[in-house]
>>> print(open('query_35.txt').read())   # compact mmCIF, C-alpha atoms
# COMPACT_ATOMS: atom_id res chain seq x y z
CA MET A 35 149.52 -114.71 131.94
CA THR A 36 150.45 -111.61 133.90
CA THR A 37 147.98 -108.76 133.62
CA LYS A 38 148.34 -105.03 134.25
CA LYS A 39 146.38 -105.59 137.45
CA ASP A 40 148.94 -108.22 138.57
CA ILE A 41 151.81 -105.83 137.85
CA GLY A 42 150.01 -103.03 139.69
CA LEU A 43 149.45 -105.22 142.74
CA ALA A 44 153.12 -106.21 142.66
CA ILE A 45 154.16 -102.56 142.54
CA GLN A 46 151.87 -101.77 145.47
CA THR A 47 153.26 -104.71 147.47
CA LEU A 48 156.86 -103.75 146.73
CA ARG A 49 156.14 -100.08 147.56
CA LYS A 50 154.82 -101.02 150.97
CA ARG A 51 157.66 -103.48 151.52
CA ALA A 52 160.11 -100.67 150.70
CA GLY A 53 158.52 -98.54 153.44
CA ILE A 54 157.02 -96.02 151.01
CA LYS A 55 153.66 -95.50 152.65
CA THR A 56 151.82 -93.43 150.08
CA GLN A 57 151.35 -93.38 146.34
CA GLN A 58 152.20 -89.69 146.41
CA ALA A 59 155.57 -90.42 148.04
CA LEU A 60 156.38 -92.97 145.34
CA GLY A 61 155.34 -90.52 142.62
CA LYS A 62 157.75 -87.91 143.96
CA LYS A 63 160.66 -90.38 143.80
CA LEU A 64 160.23 -91.12 140.10
CA ARG A 65 162.78 -89.77 137.64
CA PRO A 66 163.22 -88.02 135.31
CA ALA A 67 159.74 -86.61 136.04
CA PRO A 68 157.67 -87.16 139.19
CA LYS A 69 154.20 -88.68 138.74
CA SER A 70 151.00 -87.66 140.51
CA LYS A 71 149.25 -89.74 143.16
CA GLU A 72 146.46 -90.29 140.64
CA THR A 73 148.90 -91.72 138.08
CA ILE A 74 150.43 -94.09 140.64
CA ASN A 75 146.92 -95.13 141.69
CA ARG A 76 146.01 -95.98 138.09
CA ILE A 77 149.22 -98.00 137.74
CA GLU A 78 148.70 -99.88 141.03
CA THR A 79 145.09 -100.70 140.17
CA GLY A 80 145.95 -101.82 136.63
CA LYS A 81 143.83 -99.09 135.05
CA GLY A 82 146.57 -96.87 133.68
CA ASN A 83 148.59 -97.06 130.52
CA TYR A 84 152.31 -96.76 131.06
CA GLY A 85 155.46 -97.57 129.17
CA ILE A 86 158.56 -99.54 129.93
CA ASP A 87 160.32 -96.32 130.98
CA ALA A 88 157.76 -95.85 133.76
CA LEU A 89 158.33 -99.42 134.97
CA PHE A 90 162.10 -98.88 135.07
CA SER A 91 161.63 -95.60 136.93
CA ILE A 92 159.34 -97.26 139.48
CA ALA A 93 161.77 -100.17 139.89
CA GLU A 94 164.63 -97.73 140.52
CA ALA A 95 162.56 -95.84 143.12
CA LEU A 96 161.68 -99.14 144.84
CA ASN A 97 165.28 -100.35 144.64
CA CYS A 98 164.27 -103.50 142.80
CA ASP A 99 164.40 -104.99 139.32
CA VAL A 100 161.57 -104.73 136.79
CA SER A 101 161.38 -108.52 136.79
CA ASP A 102 160.30 -108.32 140.45
CA PHE A 103 156.96 -106.94 139.25
CA PHE A 104 156.32 -110.36 137.73
CA GLU A 105 157.54 -112.47 140.67
CA VAL A 106 155.93 -111.12 143.85
CA GLU A 107 153.51 -114.04 144.18
CA LYS A 108 156.39 -116.51 144.18
CA LYS A 109 158.28 -114.53 146.83
CA ASP A 110 155.26 -114.04 149.11
CA SER A 111 154.04 -117.62 149.03
CA LYS A 112 155.34 -120.31 151.34
CA LEU A 113 154.97 -124.03 151.51
CA ILE A 114 153.85 -125.55 154.79
CA MET A 115 154.52 -129.18 155.51
CA PHE A 116 152.16 -130.50 158.17
CA GLU A 117 150.97 -133.82 159.48
CA GLY A 118 147.87 -133.89 161.58
CA THR A 119 144.16 -133.18 161.50
CA ILE A 120 142.49 -130.23 159.79
CA LYS A 121 141.58 -128.88 163.21
CA GLU A 122 145.25 -128.96 164.30
CA LEU A 123 146.32 -127.27 161.06
CA LYS A 124 143.75 -124.48 161.50
CA LYS A 125 144.99 -123.92 165.04
CA LYS A 126 148.63 -123.77 163.89
CA LEU A 127 147.83 -121.29 161.09
CA SER A 128 145.84 -119.03 163.42
CA GLU A 129 148.84 -118.85 165.77
CA GLU A 130 151.19 -117.58 163.02
>>> encode(input="query_35.txt", output="structure tokens")
Amino acid sequence: MTTKKDIGLAIQTLRKRAGIKTQQALGKKLRPAPKSKETINRIETGKGNYGIDALFSIAEALNCDVSDFFEVEKKDSKLIMFEGTIKELKKKLSEE
């Protein structure tokens, strides 16, 4: 089950991926009314209460779809196929 904390982490990840460096900068992009840095912080940490309108506004500002807030883990994960010893695998992963 997706929690508010999961959604907040997804929003934070997508904000950074979109090149929006600060919570304040994201807050200023929201329409129809900008949100404060504190409000964005509460959303990103899963501590705030917000409605569907806020999610749509954030998605628009991040140039993504609301459903992306529920799919970041899938997009960020990758499957590695590897044959060899654990030591060789550790070495390969440390090089990436």
>>> residues_around(input="query_35.txt", residues="segment 88-94 of chain A", least_positions_apart="3", cutoff="9 Å", atoms="only C-alpha atoms", output="PDB file with C-alpha atoms, in the frame of the given file")
ATOM      1  CA  ILE A  45     154.160-102.560 142.540  1.00  0.00           C
ATOM      2  CA  LEU A  60     156.380 -92.970 145.340  1.00  0.00           C
ATOM      3  CA  GLY A  61     155.340 -90.520 142.620  1.00  0.00           C
ATOM      4  CA  LYS A  63     160.660 -90.380 143.800  1.00  0.00           C
ATOM      5  CA  LEU A  64     160.230 -91.120 140.100  1.00  0.00           C
ATOM      6  CA  ARG A  65     162.780 -89.770 137.640  1.00  0.00           C
ATOM      7  CA  PRO A  66     163.220 -88.020 135.310  1.00  0.00           C
ATOM      8  CA  TYR A  84     152.310 -96.760 131.060  1.00  0.00           C
ATOM      9  CA  GLY A  85     155.460 -97.570 129.170  1.00  0.00           C
ATOM     10  CA  ASN A  97     165.280-100.350 144.640  1.00  0.00           C
ATOM     11  CA  CYS A  98     164.270-103.500 142.800  1.00  0.00           C
ATOM     12  CA  ASP A  99     164.400-104.990 139.320  1.00  0.00           C
ATOM     13  CA  VAL A 100     161.570-104.730 136.790  1.00  0.00           C
ATOM     14  CA  SER A 101     161.380-108.520 136.790  1.00  0.00           C
ATOM     15  CA  ASP A 102     160.300-108.320 140.450  1.00  0.00           C
ATOM     16  CA  PHE A 103     156.960-106.940 139.250  1.00  0.00           C
TER      17      PHE A 103
END
>>> closest_residue(input="query_35.txt", among="A:Lys126, A:Arg76, A:Lys62, A:Lys71", to="Gly42 of chain A", atoms="only C-alpha atoms")
A:Arg76
>>> atom_distance(input="query_35.txt", atom1="atom CA of Pro68 of chain A", atom2="atom CA of Asp40 of chain A")
22.8 Å
>>> atom_distance(input="query_35.txt", atom1="atom CA of Thr79 of chain A", atom2="atom CA of Lys38 of chain A")
8.0 Å
>>> atom_distance(input="query_35.txt", atom1="atom CA of Asn83 of chain A", atom2="atom CA of Gln57 of chain A")
16.5 Å
>>> axis_aligned_box(input="query_35.txt", around="segment 45-53 of chain A", padding_each_side="8 Å", output="JSON")
{"center_x": 156.0, "center_y": -101.6, "center_z": 148.0, "size_x": 24.2, "size_y": 22.2, "size_z": 26.9}
>>> residues_around(input="query_35.txt", residues="Lys81 of chain A", least_positions_apart="6", cutoff="12 Å", atoms="all atoms listed in the file", output="VMD selection string")
chain A and resid 37 to 43 72 to 75
>>> decode(input="query_35.txt", residues="segment 48-95 of chain A", atoms="N, CA and C atoms", output="mmCIF file, in the first residue's frame")
data_model
loop_
_atom_site.group_PDB
_atom_site.id
_atom_site.type_symbol
_atom_site.label_atom_id
_atom_site.label_comp_id
_atom_site.auth_asym_id
_atom_site.auth_seq_id
_atom_site.Cartn_x
_atom_site.Cartn_y
_atom_site.Cartn_z
ATOM 1 N N LEU A 48 10.917 13.373 -8.053
ATOM 2 C CA LEU A 48 10.530 13.963 -9.336
ATOM 3 C C LEU A 48 10.883 15.443 -9.399
ATOM 4 N N ARG A 49 10.813 16.138 -8.266
ATOM 5 C CA ARG A 49 11.213 17.559 -8.230
ATOM 6 C C ARG A 49 12.682 17.702 -8.577
ATOM 7 N N LYS A 50 13.496 16.871 -7.952
ATOM 8 C CA LYS A 50 14.937 16.944 -8.215
ATOM 9 C C LYS A 50 15.252 16.520 -9.644
ATOM 10 N N ARG A 51 14.565 15.506 -10.124
ATOM 11 C CA ARG A 51 14.756 15.034 -11.496
ATOM 12 C C ARG A 51 14.377 16.128 -12.498
ATOM 13 N N ALA A 52 13.385 16.949 -12.137
ATOM 14 C CA ALA A 52 12.934 18.035 -13.008
ATOM 15 C C ALA A 52 13.864 19.245 -12.938
ATOM 16 N N GLY A 53 14.878 19.179 -12.078
ATOM 17 C CA GLY A 53 15.835 20.279 -11.965
ATOM 18 C C GLY A 53 15.353 21.412 -11.074
ATOM 19 N N ILE A 54 14.300 21.162 -10.293
ATOM 20 C CA ILE A 54 13.813 22.165 -9.347
ATOM 21 C C ILE A 54 14.520 21.883 -8.030
ATOM 22 N N LYS A 55 15.489 22.718 -7.708
ATOM 23 C CA LYS A 55 16.405 22.415 -6.613
ATOM 24 C C LYS A 55 15.823 22.597 -5.221
ATOM 25 N N THR A 56 14.891 23.522 -5.071
ATOM 26 C CA THR A 56 14.396 23.790 -3.724
ATOM 27 C C THR A 56 12.887 23.586 -3.612
ATOM 28 N N GLN A 57 12.454 23.348 -2.399
ATOM 29 C CA GLN A 57 11.024 23.228 -2.131
ATOM 30 C C GLN A 57 10.343 24.575 -2.367
ATOM 31 N N GLN A 58 11.034 25.646 -2.054
ATOM 32 C CA GLN A 58 10.477 26.979 -2.259
ATOM 33 C C GLN A 58 10.224 27.230 -3.747
ATOM 34 N N ALA A 59 11.155 26.805 -4.598
ATOM 35 C CA ALA A 59 10.986 26.995 -6.041
ATOM 36 C C ALA A 59 9.776 26.216 -6.555
ATOM 37 N N LEU A 60 9.587 24.996 -6.050
ATOM 38 C CA LEU A 60 8.408 24.229 -6.445
ATOM 39 C C LEU A 60 7.143 24.927 -5.966
ATOM 40 N N GLY A 61 7.134 25.382 -4.736
ATOM 41 C CA GLY A 61 5.967 26.074 -4.188
ATOM 42 C C GLY A 61 5.537 27.271 -5.016
ATOM 43 N N LYS A 62 6.504 28.004 -5.541
ATOM 44 C CA LYS A 62 6.208 29.183 -6.360
ATOM 45 C C LYS A 62 5.591 28.817 -7.711
ATOM 46 N N LYS A 63 5.847 27.604 -8.194
ATOM 47 C CA LYS A 63 5.326 27.174 -9.492
ATOM 48 C C LYS A 63 3.881 26.685 -9.422
ATOM 49 N N LEU A 64 3.377 26.432 -8.220
ATOM 50 C CA LEU A 64 2.049 25.847 -8.093
ATOM 51 C C LEU A 64 0.952 26.858 -8.401
ATOM 52 N N ARG A 65 -0.072 26.379 -9.087
ATOM 53 C CA ARG A 65 -1.222 27.193 -9.473
ATOM 54 C C ARG A 65 -2.493 26.487 -9.050
ATOM 55 N N PRO A 66 -3.523 27.183 -8.695
ATOM 56 C CA PRO A 66 -3.706 28.627 -8.839
ATOM 57 C C PRO A 66 -3.024 29.441 -7.754
ATOM 58 N N ALA A 67 -2.644 28.829 -6.641
ATOM 59 C CA ALA A 67 -2.014 29.594 -5.558
ATOM 60 C C ALA A 67 -0.697 28.951 -5.169
ATOM 61 N N PRO A 68 0.380 29.742 -5.132
ATOM 62 C CA PRO A 68 1.669 29.207 -4.691
ATOM 63 C C PRO A 68 1.577 28.667 -3.263
ATOM 64 N N LYS A 69 2.459 27.728 -2.941
ATOM 65 C CA LYS A 69 2.524 27.143 -1.599
ATOM 66 C C LYS A 69 3.869 27.497 -0.980
ATOM 67 N N SER A 70 3.902 27.578 0.336
ATOM 68 C CA SER A 70 5.138 27.923 1.039
ATOM 69 C C SER A 70 6.109 26.742 1.044
ATOM 70 N N LYS A 71 7.364 27.051 1.329
ATOM 71 C CA LYS A 71 8.389 26.020 1.475
ATOM 72 C C LYS A 71 7.982 25.039 2.560
ATOM 73 N N GLU A 72 7.403 25.553 3.632
ATOM 74 C CA GLU A 72 6.983 24.698 4.745
ATOM 75 C C GLU A 72 5.899 23.712 4.312
ATOM 76 N N THR A 73 4.966 24.168 3.491
ATOM 77 C CA THR A 73 3.902 23.291 2.992
ATOM 78 C C THR A 73 4.486 22.197 2.115
ATOM 79 N N ILE A 74 5.394 22.563 1.217
ATOM 80 C CA ILE A 74 6.027 21.572 0.338
ATOM 81 C C ILE A 74 6.831 20.586 1.173
ATOM 82 N N ASN A 75 7.505 21.084 2.214
ATOM 83 C CA ASN A 75 8.257 20.193 3.095
ATOM 84 C C ASN A 75 7.341 19.179 3.765
ATOM 85 N N ARG A 76 6.187 19.619 4.245
ATOM 86 C CA ARG A 76 5.244 18.697 4.884
ATOM 87 C C ARG A 76 4.725 17.663 3.888
ATOM 88 N N ILE A 77 4.502 18.087 2.651
ATOM 89 C CA ILE A 77 4.046 17.141 1.624
ATOM 90 C C ILE A 77 5.140 16.126 1.321
ATOM 91 N N GLU A 78 6.376 16.602 1.112
ATOM 92 C CA GLU A 78 7.484 15.708 0.752
ATOM 93 C C GLU A 78 7.863 14.753 1.881
ATOM 94 N N THR A 79 7.591 15.125 3.112
ATOM 95 C CA THR A 79 7.924 14.244 4.233
ATOM 96 C C THR A 79 6.739 13.388 4.672
ATOM 97 N N GLY A 80 5.599 13.564 3.998
ATOM 98 C CA GLY A 80 4.414 12.763 4.301
ATOM 99 C C GLY A 80 3.691 13.204 5.559
ATOM 100 N N LYS A 81 3.975 14.405 6.028
ATOM 101 C CA LYS A 81 3.372 14.886 7.276
ATOM 102 C C LYS A 81 2.202 15.838 7.049
ATOM 103 N N GLY A 82 2.046 16.301 5.816
ATOM 104 C CA GLY A 82 0.991 17.272 5.546
ATOM 105 C C GLY A 82 -0.274 16.622 5.026
ATOM 106 N N ASN A 83 -1.363 17.340 5.189
ATOM 107 C CA ASN A 83 -2.621 16.928 4.595
ATOM 108 C C ASN A 83 -2.843 17.774 3.351
ATOM 109 N N TYR A 84 -3.168 17.140 2.273
ATOM 110 C CA TYR A 84 -3.362 17.845 1.015
ATOM 111 C C TYR A 84 -4.408 17.101 0.208
ATOM 112 N N GLY A 85 -5.036 17.829 -0.675
ATOM 113 C CA GLY A 85 -6.092 17.248 -1.498
ATOM 114 C C GLY A 85 -5.608 16.875 -2.879
ATOM 115 N N ILE A 86 -6.519 16.318 -3.632
ATOM 116 C CA ILE A 86 -6.211 15.891 -4.999
ATOM 117 C C ILE A 86 -5.828 17.085 -5.862
ATOM 118 N N ASP A 87 -6.437 18.254 -5.580
ATOM 119 C CA ASP A 87 -6.088 19.444 -6.360
ATOM 120 C C ASP A 87 -4.614 19.805 -6.192
ATOM 121 N N ALA A 88 -4.104 19.653 -4.982
ATOM 122 C CA ALA A 88 -2.683 19.932 -4.736
ATOM 123 C C ALA A 88 -1.807 18.960 -5.519
ATOM 124 N N LEU A 89 -2.193 17.685 -5.550
ATOM 125 C CA LEU A 89 -1.407 16.702 -6.304
ATOM 126 C C LEU A 89 -1.389 17.034 -7.792
ATOM 127 N N PHE A 90 -2.537 17.440 -8.333
ATOM 128 C CA PHE A 90 -2.585 17.804 -9.751
ATOM 129 C C PHE A 90 -1.754 19.050 -10.030
ATOM 130 N N SER A 91 -1.777 20.005 -9.116
ATOM 131 C CA SER A 91 -0.981 21.217 -9.268
ATOM 132 C C SER A 91 0.516 20.896 -9.235
ATOM 133 N N ILE A 92 0.913 20.029 -8.312
ATOM 134 C CA ILE A 92 2.319 19.617 -8.222
ATOM 135 C C ILE A 92 2.726 18.860 -9.480
ATOM 136 N N ALA A 93 1.868 17.955 -9.941
ATOM 137 C CA ALA A 93 2.175 17.190 -11.160
ATOM 138 C C ALA A 93 2.360 18.127 -12.346
ATOM 139 N N GLU A 94 1.493 19.133 -12.458
ATOM 140 C CA GLU A 94 1.616 20.090 -13.563
ATOM 141 C C GLU A 94 2.948 20.844 -13.471
ATOM 142 N N ALA A 95 3.312 21.278 -12.263
ATOM 143 C CA ALA A 95 4.566 22.011 -12.072
ATOM 144 C C ALA A 95 5.779 21.141 -12.384
#
